[in-house]
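A.B. asks: File model.pdb below, PDB, C-alpha atoms:
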```
ATOM      1  CA  MET A   1    -113.434  31.447  16.554
ATOM      2  CA  THR A   2    -112.047  28.434  18.355
ATOM      3  CA  PRO A   3    -112.197  28.287  22.167
ATOM      4  CA  HIS A   4    -108.373  28.103  22.322
ATOM      5  CA  ALA A   5    -107.790  31.399  20.581
ATOM      6  CA  PRO A   6    -106.276  34.125  22.816
ATOM      7  CA  ALA A   7    -109.177  36.498  22.052
ATOM      8  CA  THR A   8    -111.640  34.249  23.905
ATOM      9  CA  TRP A   9    -109.518  33.705  26.997
ATOM     10  CA  PRO A  10    -110.479  35.605  30.129
ATOM     11  CA  LYS A  11    -108.230  38.496  31.062
ATOM     12  CA  LYS A  12    -107.148  36.739  34.292
ATOM     13  CA  ALA A  13    -106.005  33.690  32.331
ATOM     14  CA  VAL A  14    -103.951  35.835  29.956
ATOM     15  CA  ALA A  15    -102.400  37.713  32.875
ATOM     16  CA  SER A  16    -101.620  34.429  34.628
ATOM     17  CA  LEU A  17    -100.059  32.977  31.455
ATOM     18  CA  LEU A  18     -97.986  36.095  30.963
ATOM     19  CA  ALA A  19     -96.788  36.001  34.585
ATOM     20  CA  CYS A  20     -95.858  32.320  34.278
ATOM     21  CA  SER A  21     -93.928  32.839  31.052
ATOM     22  CA  CYS A  22     -92.038  35.792  32.570
ATOM     23  CA  ALA A  23     -91.252  33.687  35.602
ATOM     24  CA  ALA A  24     -90.110  30.820  33.389
ATOM     25  CA  VAL A  25     -87.683  33.130  31.601
ATOM     26  CA  GLY A  26     -86.629  35.149  34.654
ATOM     27  CA  TYR A  27     -86.173  32.281  37.128
ATOM     28  CA  PRO A  28     -83.280  30.587  35.263
ATOM     29  CA  LEU A  29     -81.622  33.977  34.870
ATOM     30  CA  ALA A  30     -81.921  34.540  38.602
ATOM     31  CA  LEU A  31     -80.480  31.086  39.249
ATOM     32  CA  SER A  32     -77.542  31.714  36.934
ATOM     33  CA  ALA A  33     -76.877  35.066  38.636
ATOM     34  CA  GLU A  34     -76.962  33.329  42.031
ATOM     35  CA  ALA A  35     -74.596  30.620  40.763
ATOM     36  CA  ALA A  36     -72.227  33.279  39.456
ATOM     37  CA  ARG A  37     -72.278  35.025  42.829
ATOM     38  CA  ARG A  38     -71.514  31.757  44.654
ATOM     39  CA  THR A  39     -68.743  30.855  42.213
ATOM     40  CA  ALA A  40     -67.119  34.230  42.744
ATOM     41  CA  SER A  41     -66.994  33.671  46.505
ATOM     42  CA  HIS A  42     -66.076  29.946  46.319
ATOM     43  CA  PRO A  43     -64.188  29.216  43.089
ATOM     44  CA  ARG A  44     -64.037  25.656  41.812
ATOM     45  CA  PRO A  45     -60.701  23.929  41.209
ATOM     46  CA  ALA A  46     -59.241  24.370  37.755
ATOM     47  CA  PRO A  47     -60.532  21.833  35.207
ATOM     48  CA  SER A  48     -56.990  20.602  34.569
ATOM     49  CA  ALA A  49     -56.626  19.647  38.239
ATOM     50  CA  ALA A  50     -59.879  17.695  38.290
ATOM     51  CA  ALA A  51     -59.623  16.011  34.895
ATOM     52  CA  ALA A  52     -57.635  12.820  34.411
ATOM     53  CA  ARG A  53     -54.336  13.536  32.678
ATOM     54  CA  PHE A  54     -52.755  11.242  30.164
ATOM     55  CA  ALA A  55     -49.047  10.641  30.628
ATOM     56  CA  CYS A  56     -46.599  11.883  28.009
ATOM     57  CA  SER A  57     -49.157  14.188  26.419
ATOM     58  CA  GLY A  58     -49.387  17.926  26.155
ATOM     59  CA  PRO A  59     -47.476  20.701  24.439
ATOM     60  CA  HIS A  60     -44.183  19.595  22.895
ATOM     61  CA  SER A  61     -44.740  15.993  24.010
ATOM     62  CA  SER A  62     -43.647  14.614  20.632
ATOM     63  CA  THR A  63     -40.254  16.340  20.861
ATOM     64  CA  SER A  64     -39.320  16.042  24.547
ATOM     65  CA  PRO A  65     -38.294  12.886  26.457
ATOM     66  CA  CYS A  66     -40.874  11.344  28.753
ATOM     67  CA  HIS A  67     -40.354   9.399  31.994
ATOM     68  CA  PHE A  68     -43.210   7.138  33.102
ATOM     69  CA  ALA A  69     -43.824   4.219  35.464
ATOM     70  CA  THR A  70     -46.355   1.583  36.400
ATOM     71  CA  PRO A  71     -48.764   2.398  39.258
ATOM     72  CA  SER A  72     -46.767   0.173  41.626
ATOM     73  CA  GLY A  73     -43.522   1.907  40.585
ATOM     74  CA  ASN A  74     -41.602  -1.314  40.010
ATOM     75  CA  VAL A  75     -41.147  -0.635  36.271
ATOM     76  CA  ARG A  76     -39.687   2.693  35.128
ATOM     77  CA  CYS A  77     -39.440   3.760  31.508
ATOM     78  CA  LEU A  78     -38.010   6.499  29.348
ATOM     79  CA  TRP A  79     -39.057   7.421  25.829
ATOM     80  CA  THR A  80     -36.677   9.594  23.806
ATOM     81  CA  PRO A  81     -37.552  11.208  20.474
ATOM     82  CA  LYS A  82     -33.954  11.193  19.125
ATOM     83  CA  PRO A  83     -33.076   8.405  18.759
ATOM     84  CA  ASN A  84     -36.667   7.202  18.788
ATOM     85  CA  ASN A  85     -36.779   4.407  21.378
ATOM     86  CA  VAL A  86     -38.408   3.199  24.575
ATOM     87  CA  ALA A  87     -36.255   1.825  27.387
ATOM     88  CA  CYS A  88     -37.653   0.262  30.568
ATOM     89  CA  VAL A  89     -36.133  -1.292  33.678
ATOM     90  CA  LEU A  90     -37.635  -3.654  36.250
ATOM     91  CA  LEU A  91     -36.293  -2.276  39.529
ATOM     92  CA  ALA A  92     -36.558  -5.548  41.477
ATOM     93  CA  THR A  93     -34.217  -7.450  39.159
ATOM     94  CA  GLY A  94     -32.426  -4.717  37.221
ATOM     95  CA  ARG A  95     -33.472  -6.319  33.913
ATOM     96  CA  ALA A  96     -33.885  -3.677  31.198
ATOM     97  CA  TYR A  97     -34.797  -3.593  27.510
ATOM     98  CA  ARG A  98     -34.677  -1.007  24.733
ATOM     99  CA  LEU A  99     -37.006  -1.061  21.747
ATOM    100  CA  ARG A 100     -36.701   0.926  18.528
ATOM    101  CA  PRO A 101     -39.255   1.246  15.694
ATOM    102  CA  THR A 102     -37.504  -1.559  13.780
ATOM    103  CA  GLY A 103     -35.721  -4.680  14.973
ATOM    104  CA  HIS A 104     -36.010  -6.760  18.111
ATOM    105  CA  ALA A 105     -35.903  -5.566  21.713
ATOM    106  CA  ARG A 106     -32.350  -5.504  23.094
ATOM    107  CA  ARG A 107     -31.300  -6.220  26.640
ATOM    108  CA  ILE A 108     -29.433  -3.231  28.085
ATOM    109  CA  THR A 109     -28.081  -1.900  31.358
ATOM    110  CA  LEU A 110     -30.239   0.988  32.533
ATOM    111  CA  ARG A 111     -30.556   2.938  35.739
ATOM    112  CA  LEU A 112     -33.457   5.390  35.951
ATOM    113  CA  LEU A 113     -33.390   7.468  39.114
ATOM    114  CA  ARG A 114     -36.507   9.408  38.227
ATOM    115  CA  ARG A 115     -39.873   7.664  38.484
ATOM    116  CA  GLY A 116     -41.681  10.041  36.150
ATOM    117  CA  GLN A 117     -45.407  10.155  35.533
ATOM    118  CA  THR A 118     -47.434   7.322  37.030
ATOM    119  CA  LEU A 119     -49.643   5.698  34.441
ATOM    120  CA  PRO A 120     -53.226   4.851  35.327
ATOM    121  CA  THR A 121     -53.793   1.094  35.235
ATOM    122  CA  ASN A 122     -54.370  -0.272  31.733
ATOM    123  CA  GLN A 123     -53.348   2.891  29.874
ATOM    124  CA  GLN A 124     -51.754   2.604  26.457
ATOM    125  CA  LEU A 125     -49.165   5.151  25.376
ATOM    126  CA  VAL A 126     -48.618   5.608  21.657
ATOM    127  CA  PHE A 127     -45.385   7.231  20.512
ATOM    128  CA  PRO A 128     -44.283   8.485  17.084
ATOM    129  CA  GLY A 129     -42.611   5.850  14.943
ATOM    130  CA  SER A 130     -45.209   3.155  15.702
ATOM    131  CA  LEU A 131     -44.053   2.392  19.249
ATOM    132  CA  SER A 132     -46.545   1.832  22.045
ATOM    133  CA  CYS A 133     -46.522   0.736  25.676
ATOM    134  CA  HIS A 134     -49.315  -0.772  27.750
ATOM    135  CA  ASP A 135     -49.239  -1.166  31.518
ATOM    136  CA  THR A 136     -50.998  -3.131  34.209
ATOM    137  CA  ARG A 137     -50.549  -2.417  37.898
ATOM    138  CA  THR A 138     -47.187  -4.222  38.054
ATOM    139  CA  SER A 139     -46.025  -4.867  34.471
ATOM    140  CA  MET A 140     -45.164  -2.984  31.292
ATOM    141  CA  THR A 141     -45.378  -4.249  27.721
ATOM    142  CA  CYS A 142     -43.910  -2.217  24.866
ATOM    143  CA  ASN A 143     -44.114  -3.193  21.201
ATOM    144  CA  GLN A 144     -43.794  -2.060  17.629
ATOM    145  CA  ASP A 145     -47.252  -1.513  16.223
ATOM    146  CA  PHE A 146     -46.309  -2.818  12.769
ATOM    147  CA  GLY A 147     -43.264  -4.947  13.560
ATOM    148  CA  LEU A 148     -42.177  -8.018  15.482
ATOM    149  CA  GLY A 149     -40.173  -6.403  18.287
ATOM    150  CA  ALA A 150     -41.628  -6.329  21.797
ATOM    151  CA  PHE A 151     -40.763  -6.768  25.458
ATOM    152  CA  THR A 152     -42.621  -7.377  28.694
ATOM    153  CA  LEU A 153     -41.228  -6.532  32.110
ATOM    154  CA  ALA A 154     -42.916  -8.168  35.082
ATOM    155  CA  ARG A 155     -41.788  -9.674  38.364
ATOM    156  CA  ARG A 156     -41.807 -13.318  37.206
ATOM    157  CA  ARG A 157     -42.305 -13.182  33.454
ATOM    158  CA  SER A 158     -39.954 -10.759  31.712
ATOM    159  CA  ARG A 159     -39.251 -11.553  28.075
ATOM    160  CA  ALA A 160     -38.249  -9.911  24.807
ATOM    161  CA  SER A 161     -38.595 -10.697  21.121
TER     162      SER A 161
END
```
Please go through the file and, once you have read it, give me the structure as structure tokens.
C.D. replies:
Amino acid sequence: MTPHAPATWPKKAVASLLACSCAAVGYPLALSAEAARRTASHPRPAPSAAAARFACSGPHSSTSPCHFATPSGNVRCLWTPKPNNVACVLLATGRAYRLRPTGHARRITLRLLRRGQTLPTNQQLVFPGSLSCHDTRTSMTCNQDFGLGAFTLARRRSRAS
């Protein structure tokens, strides 16, 4: 027999090994029971409150209009599913553009009273019909993913194509 076989181990060593293995299994269970007890007395915030939320996403987001704005709030936008288009206005100048899945961006008159969801800086929103918008802290750029139409609204450099 080899010296590492359990038959040759002293009884104290076997008892010690058995106690350690029981402790190794029982200790995490005790910790998880203690964590459950603490959680019951001090619940954590809901995961949806702690997690970052993407604008214009969630149930029925592809069929309901969405209001969104840049983090500074100087550009407000509205996406509508029917007719499928994105319209944005630069509040400082009142300049506004509308973009559809085909064709060029058109200058329009738009007044959005509602700010809507604030986009995190540098978030890209993708809408059905190959439209997308990308923001920085103070500007918004919307374009057709497979076309030539686009517009950018910013304090000193608004343009459309």
A.B. asks: Exactly which residues make up the result of the PyMOL selection byres ((chain A and resi 57) around 12) on this file, given as a list in words?
C.D. replies: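 That selection, the PyMOL selection byres ((chain A and resi 57) around 12), comes back as Ala52, Arg53, Phe54, Ala55, Cys56, Gly58, Pro59, His60, Ser61, Ser62, Thr63, Ser64, Pro65, Cys66, His67, Phe68, Gln117, Leu119, Gln124, Leu125, Val126, Phe127 and Pro128 of chain A.
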A.B. asks: Atom CA of A:Leu153 and atom CA of A:Leu90, how far apart in Å?
C.D. replies: 6.2 Å
A.B. asks: Point out the residue among A:Ala105, A:Leu78, A:Leu112, A:Leu91 with the least atom-to-atom distance to A:Ala160, counting all atoms listed in the file.
C.D. replies: A:Ala105
A.B. asks: Translate the PyMOL selection byres ((chain A and resi 130) around 8), as applied to the file shown, into an explicit residue set as a PyMOL selection string.
C.D. replies: chain A and resi 101+126-129+131-132+144-146
A.B. asks: Between atom CA of A:Thr118 and atom CA of A:Ala69, what is the distance, to one decimal in Å?
C.D. replies: 5.0 Å
A.B. asks: Looking at A:Arg98, A:Gly149, A:Ala87, A:Asn122, which one is nearest to A:Thr136, with distances taken over only C-alpha atoms?
C.D. replies: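 Residue with the minimum atom-to-atom distance to A:Thr136: A:Asn122.
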A.B. asks: I'd like to know which of A:Cys142, A:Val89, A:Ala96, A:Ala154 is closest to A:Arg114, using only C-alpha atoms.
C.D. replies: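 The closest residue to A:Arg114 is A:Val89.
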A.B. asks: Mind checking which residues fall within 12 Å of A:Arg157, counting only C-alpha atoms, ignoring those fewer than 5 positions away in the same chain, and posting them as a list in words?
C.D. replies: Leu90, Thr93, Arg95, Thr138, Ser139, Met140, Thr141, Phe151 and Thr152 of chain A
A.B. asks: Quick one: what's the axis-aligned box for stretch 91-97 of chain A, all listed atoms, 8 Å on every side, centre and edges in Å to one decimal, as JSON?
C.D. replies:
```
{"center_x": -34.5, "center_y": -4.9, "center_z": 34.5, "size_x": 20.1, "size_y": 21.2, "size_z": 30.0}
```
